[in-house]
>>> print(open('coords_6.txt').read())   # compact mmCIF, C-alpha atoms
# COMPACT_ATOMS: atom_id res chain seq x y z
CA MET I 11 -34.84 -28.53 -80.89
CA ALA I 12 -31.83 -29.52 -83.01
CA ARG I 13 -33.75 -32.29 -84.76
CA GLN I 14 -36.66 -29.96 -85.50
CA SER I 15 -34.25 -27.43 -87.00
CA GLN I 16 -32.56 -30.17 -89.02
CA ALA I 17 -35.90 -31.45 -90.31
CA GLU I 18 -36.88 -27.94 -91.37
CA GLN I 19 -33.55 -27.50 -93.16
CA MET I 20 -34.00 -30.79 -94.98
CA ARG I 21 -37.56 -29.99 -95.95
CA LYS I 22 -37.11 -26.42 -97.14
CA GLY I 23 -33.44 -25.47 -97.14
CA LYS I 24 -31.80 -24.15 -100.30
CA GLY I 25 -28.78 -26.18 -101.30
CA PHE I 26 -27.72 -29.80 -101.65
CA ILE I 27 -26.47 -32.82 -99.75
CA ALA I 28 -22.80 -33.79 -100.01
CA ALA I 29 -22.26 -37.54 -100.23
CA LEU I 30 -19.04 -38.18 -98.28
CA ASP I 31 -19.79 -41.86 -97.74
CA GLN I 32 -17.44 -43.80 -100.00
CA SER I 33 -17.28 -47.39 -98.71
CA GLY I 34 -14.42 -49.86 -98.71
CA GLY I 35 -15.19 -50.88 -102.29
CA SER I 36 -15.26 -47.35 -103.72
CA THR I 37 -12.57 -45.76 -101.56
CA PRO I 38 -9.52 -46.79 -103.68
CA LYS I 39 -11.06 -45.16 -106.77
CA ALA I 40 -12.02 -42.03 -104.81
CA LEU I 41 -8.48 -41.73 -103.46
CA LYS I 42 -6.96 -42.27 -106.90
CA LEU I 43 -9.10 -39.47 -108.32
CA TYR I 44 -7.92 -37.34 -105.37
CA GLY I 45 -4.30 -37.99 -106.36
CA VAL I 46 -3.54 -40.73 -103.84
CA PRO I 47 -2.47 -43.99 -105.58
CA GLU I 48 -2.89 -47.42 -104.00
CA SER I 49 0.88 -47.53 -103.51
CA ALA I 50 0.52 -44.71 -100.96
CA TYR I 51 -1.12 -46.96 -98.35
CA ALA I 52 -0.92 -50.50 -97.04
CA GLY I 53 -4.13 -52.13 -95.83
CA ASP I 54 -7.57 -50.88 -94.94
CA ALA I 55 -6.55 -48.91 -91.84
CA GLU I 56 -4.22 -46.62 -93.80
CA MET I 57 -6.69 -46.38 -96.69
CA PHE I 58 -9.56 -45.31 -94.43
CA ALA I 59 -7.30 -42.84 -92.60
CA LEU I 60 -6.48 -41.16 -95.91
CA ILE I 61 -10.09 -40.96 -97.07
CA HIS I 62 -11.04 -39.53 -93.67
CA GLN I 63 -8.40 -36.83 -94.16
CA MET I 64 -9.97 -35.98 -97.51
CA ARG I 65 -13.46 -35.79 -96.03
CA ALA I 66 -12.28 -33.72 -93.07
CA ARG I 67 -10.48 -31.33 -95.42
CA ILE I 68 -13.69 -30.85 -97.41
CA ALA I 69 -15.80 -30.34 -94.27
CA GLN I 70 -13.36 -27.81 -92.80
CA SER I 71 -13.02 -25.78 -95.98
CA ARG I 72 -14.42 -22.26 -95.98
CA ALA I 73 -16.40 -23.32 -99.07
CA PHE I 74 -18.37 -25.93 -97.13
CA ASP I 75 -21.19 -24.78 -94.85
CA GLY I 76 -24.96 -24.79 -94.46
CA SER I 77 -25.51 -21.76 -96.65
CA ARG I 78 -25.12 -24.02 -99.70
CA VAL I 79 -24.50 -27.54 -98.37
CA ILE I 80 -27.55 -28.38 -96.25
CA GLY I 81 -26.60 -31.98 -95.44
CA ALA I 82 -23.77 -34.51 -95.63
CA ILE I 83 -23.83 -38.32 -95.75
CA LEU I 84 -21.08 -40.00 -93.75
CA PHE I 85 -19.46 -43.42 -93.81
CA GLU I 86 -19.61 -45.23 -90.44
CA ARG I 87 -15.88 -44.78 -89.81
CA THR I 88 -16.27 -41.05 -90.46
CA MET I 89 -19.13 -40.83 -87.95
CA ASP I 90 -16.93 -42.54 -85.38
CA GLY I 91 -14.04 -40.17 -86.07
CA GLU I 92 -13.42 -36.50 -85.44
CA ILE I 93 -13.37 -33.41 -87.63
CA GLY I 94 -11.78 -30.26 -86.30
CA GLY I 95 -11.31 -31.83 -82.88
CA LYS I 96 -15.02 -32.64 -82.48
CA PRO I 97 -17.09 -35.77 -83.16
CA ALA I 98 -17.85 -35.64 -86.87
CA ALA I 99 -21.63 -35.18 -86.63
CA ASP I 100 -21.27 -32.50 -83.95
CA TYR I 101 -18.74 -30.63 -86.07
CA LEU I 102 -20.99 -30.66 -89.12
CA TRP I 103 -24.05 -29.38 -87.32
CA LEU I 104 -22.61 -27.12 -84.62
CA GLU I 105 -19.79 -25.58 -86.64
CA LYS I 106 -21.15 -25.68 -90.20
CA GLN I 107 -24.95 -26.05 -89.83
CA VAL I 108 -24.81 -29.10 -92.11
CA VAL I 109 -27.26 -31.90 -91.25
CA PRO I 110 -25.45 -35.25 -90.74
CA PHE I 111 -26.62 -38.54 -92.28
CA LEU I 112 -25.10 -42.03 -92.09
CA LYS I 113 -24.70 -44.66 -94.81
CA VAL I 114 -26.01 -47.91 -93.27
CA ASP I 115 -26.12 -50.47 -96.08
CA LYS I 116 -23.48 -53.20 -96.27
CA GLY I 117 -23.23 -53.53 -100.02
CA LEU I 118 -25.14 -55.38 -102.72
CA GLU I 119 -26.27 -58.91 -103.44
CA ASP I 120 -25.56 -60.43 -106.85
CA GLU I 121 -27.90 -59.36 -109.65
CA ALA I 122 -31.24 -61.18 -109.90
CA HIS I 123 -34.36 -60.16 -111.85
CA GLY I 124 -32.56 -57.09 -113.15
CA VAL I 125 -31.72 -55.62 -109.73
CA LYS I 126 -29.08 -55.80 -107.03
CA MET I 127 -30.76 -55.94 -103.63
CA MET I 128 -29.10 -54.82 -100.42
CA LYS I 129 -27.21 -57.41 -98.43
CA PRO I 130 -28.63 -58.05 -94.94
CA ILE I 131 -27.65 -55.24 -92.58
CA GLY I 132 -26.45 -57.08 -89.51
CA GLY I 133 -26.63 -55.19 -86.23
CA LEU I 134 -28.74 -52.42 -87.72
CA ASP I 135 -30.70 -51.64 -84.56
CA ALA I 136 -27.49 -51.19 -82.56
CA LEU I 137 -25.98 -49.02 -85.31
CA LEU I 138 -29.09 -46.84 -85.47
CA LYS I 139 -29.03 -46.31 -81.70
CA ARG I 140 -25.37 -45.37 -81.81
CA ALA I 141 -26.02 -42.99 -84.70
CA LEU I 142 -28.87 -41.30 -82.86
CA ASP I 143 -26.69 -40.91 -79.78
CA LYS I 144 -23.98 -39.31 -81.91
CA GLY I 145 -26.34 -36.70 -83.34
CA ILE I 146 -27.05 -38.26 -86.73
CA PHE I 147 -30.34 -37.07 -88.27
CA GLY I 148 -30.92 -39.74 -90.89
CA THR I 149 -29.54 -42.62 -92.91
CA LYS I 150 -28.90 -43.64 -96.50
CA MET I 151 -29.02 -47.10 -98.09
CA ARG I 152 -28.34 -47.99 -101.72
CA SER I 153 -29.63 -50.72 -104.00
CA VAL I 154 -29.43 -50.87 -107.80
CA VAL I 155 -31.78 -51.28 -110.78
CA ASP I 156 -30.08 -52.67 -113.90
CA ALA I 157 -33.13 -53.42 -116.05
CA ALA I 158 -36.81 -52.57 -116.50
CA ASN I 159 -37.89 -55.76 -114.75
CA ALA I 160 -41.17 -55.26 -112.90
CA LYS I 161 -40.65 -58.17 -110.50
CA GLY I 162 -37.14 -57.10 -109.56
CA ILE I 163 -38.01 -53.43 -109.14
CA ALA I 164 -41.01 -54.26 -106.93
CA ALA I 165 -38.81 -56.42 -104.69
CA ASN I 166 -36.07 -53.80 -104.60
CA VAL I 167 -38.40 -50.99 -103.54
CA ALA I 168 -40.22 -53.21 -101.02
CA GLN I 169 -36.90 -54.05 -99.35
CA GLN I 170 -35.95 -50.38 -99.19
CA PHE I 171 -39.22 -49.41 -97.52
CA GLU I 172 -39.10 -52.38 -95.13
CA VAL I 173 -35.70 -51.33 -93.84
CA GLY I 174 -36.85 -47.72 -93.95
CA ALA I 175 -39.63 -48.55 -91.48
CA GLN I 176 -37.03 -49.99 -89.10
CA ILE I 177 -35.01 -46.78 -89.40
CA LEU I 178 -38.09 -44.63 -88.75
CA ASP I 179 -38.87 -46.75 -85.68
CA ALA I 180 -35.39 -45.88 -84.38
CA GLY I 181 -36.10 -42.15 -84.67
CA LEU I 182 -34.04 -41.46 -87.80
CA MET I 183 -34.96 -40.25 -91.30
CA PRO I 184 -34.25 -42.81 -94.05
CA ILE I 185 -32.98 -41.78 -97.45
CA ILE I 186 -34.23 -44.55 -99.74
CA GLU I 187 -31.90 -44.99 -102.73
CA PRO I 188 -32.82 -47.45 -105.51
CA GLU I 189 -30.26 -46.27 -108.07
CA VAL I 190 -31.00 -46.81 -111.75
CA THR I 191 -27.81 -47.50 -113.70
CA ILE I 192 -27.40 -44.68 -116.22
CA SER I 193 -25.97 -46.85 -119.01
CA ILE I 194 -28.85 -49.32 -119.41
CA ALA I 195 -30.83 -49.29 -122.68
CA ASP I 196 -34.22 -49.34 -120.94
CA LYS I 197 -33.48 -46.66 -118.35
CA ALA I 198 -36.66 -44.64 -119.04
CA GLU I 199 -38.83 -47.76 -118.77
CA ALA I 200 -37.09 -48.76 -115.53
CA GLU I 201 -37.72 -45.29 -114.12
CA GLU I 202 -41.41 -45.52 -114.97
CA LEU I 203 -41.70 -48.83 -113.11
CA LEU I 204 -39.64 -47.46 -110.23
CA LYS I 205 -41.83 -44.38 -109.81
CA ALA I 206 -44.98 -46.50 -109.75
CA GLU I 207 -43.57 -48.83 -107.09
CA ILE I 208 -42.34 -45.96 -104.92
CA LEU I 209 -45.75 -44.28 -105.12
CA ARG I 210 -47.40 -47.54 -104.11
CA GLN I 211 -45.13 -47.88 -101.08
CA LEU I 212 -45.57 -44.23 -100.12
CA ASP I 213 -49.34 -44.59 -100.15
CA GLN I 214 -49.01 -47.48 -97.68
CA LEU I 215 -46.94 -45.48 -95.18
CA PRO I 216 -48.82 -44.76 -91.94
CA GLU I 217 -50.02 -41.21 -91.40
CA GLY I 218 -47.38 -38.97 -89.88
CA ARG I 219 -44.48 -40.85 -91.44
CA GLU I 220 -42.29 -39.55 -94.25
CA VAL I 221 -39.09 -40.55 -96.01
CA MET I 222 -36.49 -39.01 -98.27
CA LEU I 223 -35.66 -40.40 -101.71
CA LYS I 224 -32.32 -40.46 -103.55
CA LEU I 225 -32.82 -41.21 -107.24
CA THR I 226 -30.82 -41.28 -110.45
CA LEU I 227 -31.26 -38.18 -112.59
CA PRO I 228 -34.19 -39.16 -114.83
CA THR I 229 -34.26 -39.59 -118.59
CA VAL I 230 -37.56 -37.72 -118.89
CA GLU I 231 -37.48 -34.21 -117.47
CA GLY I 232 -39.79 -33.73 -114.49
CA HIS I 233 -40.37 -37.48 -114.24
CA TYR I 234 -40.32 -37.50 -110.44
CA ARG I 235 -42.62 -34.51 -109.88
CA ALA I 236 -45.29 -36.72 -108.26
CA LEU I 237 -42.72 -37.94 -105.73
CA ILE I 238 -41.43 -34.43 -105.03
CA ASP I 239 -44.99 -33.27 -104.32
CA HIS I 240 -46.02 -36.34 -102.29
CA PRO I 241 -47.00 -35.45 -98.68
CA LYS I 242 -45.00 -38.38 -97.30
CA VAL I 243 -41.74 -37.32 -98.96
CA MET I 244 -39.53 -34.87 -97.08
CA ARG I 245 -37.16 -34.32 -100.02
CA VAL I 246 -36.09 -35.90 -103.30
CA VAL I 247 -32.36 -35.76 -103.96
CA ALA I 248 -30.42 -36.81 -107.05
CA LEU I 249 -27.29 -38.92 -107.39
CA SER I 250 -24.81 -38.13 -110.15
CA GLY I 251 -24.50 -41.81 -111.12
CA GLY I 252 -21.37 -41.52 -113.24
CA TYR I 253 -22.24 -38.33 -115.11
CA SER I 254 -19.58 -35.62 -115.06
CA ARG I 255 -20.36 -32.75 -112.73
CA ASP I 256 -21.23 -30.40 -115.61
CA GLU I 257 -23.59 -32.94 -117.19
CA ALA I 258 -25.16 -33.84 -113.83
CA ASN I 259 -25.73 -30.16 -113.10
CA ARG I 260 -27.32 -29.61 -116.52
CA ILE I 261 -29.73 -32.50 -116.06
CA LEU I 262 -30.52 -31.54 -112.48
CA ALA I 263 -31.33 -27.96 -113.47
CA ARG I 264 -33.99 -29.36 -115.82
CA ASN I 265 -35.70 -31.16 -112.93
CA PRO I 266 -37.02 -28.48 -110.57
CA GLY I 267 -37.72 -29.70 -107.06
CA MET I 268 -34.85 -32.21 -107.02
CA ILE I 269 -31.64 -31.25 -105.25
CA ALA I 270 -28.22 -32.84 -105.63
CA SER I 271 -26.63 -35.47 -103.45
CA PHE I 272 -23.39 -35.88 -105.37
CA SER I 273 -20.27 -37.81 -104.37
CA ARG I 274 -17.73 -38.17 -107.17
CA ALA I 275 -19.19 -35.16 -109.00
CA LEU I 276 -18.60 -33.03 -105.88
CA THR I 277 -14.95 -34.03 -105.45
CA GLU I 278 -14.14 -33.85 -109.17
CA GLY I 279 -11.05 -31.64 -109.57
CA LEU I 280 -9.94 -31.80 -105.94
CA SER I 281 -6.44 -33.07 -105.23
CA ALA I 282 -4.34 -33.98 -102.22
CA GLN I 283 -1.50 -32.08 -103.91
CA GLN I 284 -3.36 -28.76 -103.95
CA ASP I 285 -2.44 -26.16 -101.36
CA ASP I 286 -5.30 -25.04 -99.14
CA ALA I 287 -6.07 -21.89 -101.14
CA THR I 288 -6.23 -23.79 -104.43
CA PHE I 289 -8.26 -26.57 -102.83
CA ASP I 290 -10.75 -24.09 -101.39
CA ARG I 291 -11.18 -22.34 -104.74
CA ALA I 292 -11.79 -25.63 -106.53
CA LEU I 293 -14.28 -26.78 -103.91
CA ASP I 294 -16.02 -23.41 -103.90
CA ALA I 295 -16.53 -23.60 -107.67
CA ALA I 296 -17.88 -27.15 -107.39
CA VAL I 297 -20.21 -26.25 -104.53
CA GLN I 298 -21.53 -23.16 -106.30
CA GLY I 299 -22.26 -25.04 -109.52
CA ILE I 300 -24.11 -27.83 -107.72
CA TYR I 301 -25.95 -25.30 -105.53
CA ASP I 302 -27.10 -23.32 -108.57
CA ALA I 303 -28.40 -26.46 -110.26
CA SER I 304 -30.19 -27.51 -107.06
CA ILE I 305 -32.11 -24.27 -106.60
CA THR I 306 -33.12 -23.76 -110.23
>>> encode(input="coords_6.txt", output="structure tokens")
Amino acid sequence: MARQSQAEQMRKGKGFIAALDQSGGSTPKALKLYGVPESAYAGDAEMFALIHQMRARIAQSRAFDGSRVIGAILFERTMDGEIGGKPAADYLWLEKQVVPFLKVDKGLEDEAHGVKMMKPIGGLDALLKRALDKGIFGTKMRSVVDAANAKGIAANVAQQFEVGAQILDAGLMPIIEPEVTISIADKAEAEELLKAEILRQLDQLPEGREVMLKLTLPTVEGHYRALIDHPKVMRVVALSGGYSRDEANRILARNPGMIASFSRALTEGLSAQQDDATFDRALDAAVQGIYDASIT
């Protein structure tokens, strides 16, 4: 019953997905923006403990619940930890009615043919089983498009859907994320190639299967409408990709049918030095702005 309710929330719920899945590579920057310099910790264990405290503080805030935040993507260490004295995924769903997802990729290969493919995900089947047992609904995996290179984009999308099939076989919902870098000169052309490849892969999915998509906010308004309306797509969500929160919200609002899945844009303006009341007000303003853009 829980998974049916979660699927319904993902398919039709009003709101957005919070990306709380900073990895080892992006955690130092996320902590610095949160007011925690690298001098405040020694080694990975202390660093990950501090980022977990930040994520737990966000999740436990009065501003964070399923009325506006319909899902949250977790880092593996967060899934294995606790929030509010409960396993993280249980806390999110049972206490906040927020659907839990898990980041499963292990980083990126070097650039080739204008893309950065995902590194091999060792032990994925075991991780997926553990995630399912812990109450995780779905997964997220990121690769990158750095140029409008047809060969590279086709390989990138094919890899995403291949791993996505493995995730579906395990009983989880994959969020497929081939991010287009926002600063490239041929971004619009890359997005045209990307849409065509995703449509081709979607049309090859067996009947009864569906995926979610996480895509860079497009250059051309409404560019991903065919993906939003596709019967094998549960939801299309948008990453902020380096845009400020205000700019990301403006672009998102011009793309009806897409909802946000922001990371840095969500935590913009939050600080470890804020007292709880100030923190909650700042998070509430961020959540409301992203929510409004997502339901436009």
>>> atom_distance(input="coords_6.txt", atom1="CA of Leu43 in chain I", atom2="CA of Gln283 in chain I")
11.5 Å
>>> closest_residue(input="coords_6.txt", among="I:Pro216, I:Leu262, I:Gly124, I:Ala136", to="Ala200 in chain I", atoms="all atoms listed in the file")
I:Gly124
>>> closest_residue(input="coords_6.txt", among="I:Tyr44, I:Phe74, I:Phe289, I:Trp103", to="Tyr301 in chain I", atoms="all atoms listed in the file")
I:Phe74
>>> residues_around(input="coords_6.txt", residues="Met89 in chain I", least_positions_apart="4", cutoff="7 Å", atoms="only C-alpha atoms", output="PDB file with C-alpha atoms, in the frame of the given file")
ATOM      1  CA  LEU I  84     -21.080 -40.000 -93.750  1.00  0.00           C
ATOM      2  CA  PHE I  85     -19.460 -43.420 -93.810  1.00  0.00           C
ATOM      3  CA  ALA I  98     -17.850 -35.640 -86.870  1.00  0.00           C
ATOM      4  CA  ALA I  99     -21.630 -35.180 -86.630  1.00  0.00           C
TER       5      ALA I  99
END
>>> atom_distance(input="coords_6.txt", atom1="CA of Ala287 in chain I", atom2="CA of Arg67 in chain I")
11.9 Å
>>> closest_atom_pairs(input="coords_6.txt", of="range 69-186 of chain I", to="range 225-230 of chain I", cutoff="12 Å", atoms="all atoms listed in the file", output="tab-separated table")
residue	atom	partner	partner_atom	distance
I:Lys150	CA	I:Leu225	CA	11.7
I:Met151	CA	I:Leu225	CA	11.5
I:Arg152	CA	I:Leu225	CA	9.8
I:Ser153	CA	I:Leu225	CA	10.5
I:Val154	CA	I:Thr226	CA	10.0
I:Val155	CA	I:Thr226	CA	10.1
I:Asp156	CA	I:Thr226	CA	11.9
I:Val167	CA	I:Leu225	CA	11.9
I:Ile185	CA	I:Leu225	CA	9.8
I:Ile186	CA	I:Leu225	CA	8.3
>>> atom_distance(input="coords_6.txt", atom1="CA of Ala164 in chain I", atom2="CA of Pro184 in chain I")
18.5 Å
>>> closest_residue(input="coords_6.txt", among="I:Gln107, I:Ser77, I:Thr149, I:Gln14", to="Leu182 in chain I", atoms="all atoms listed in the file")
I:Thr149
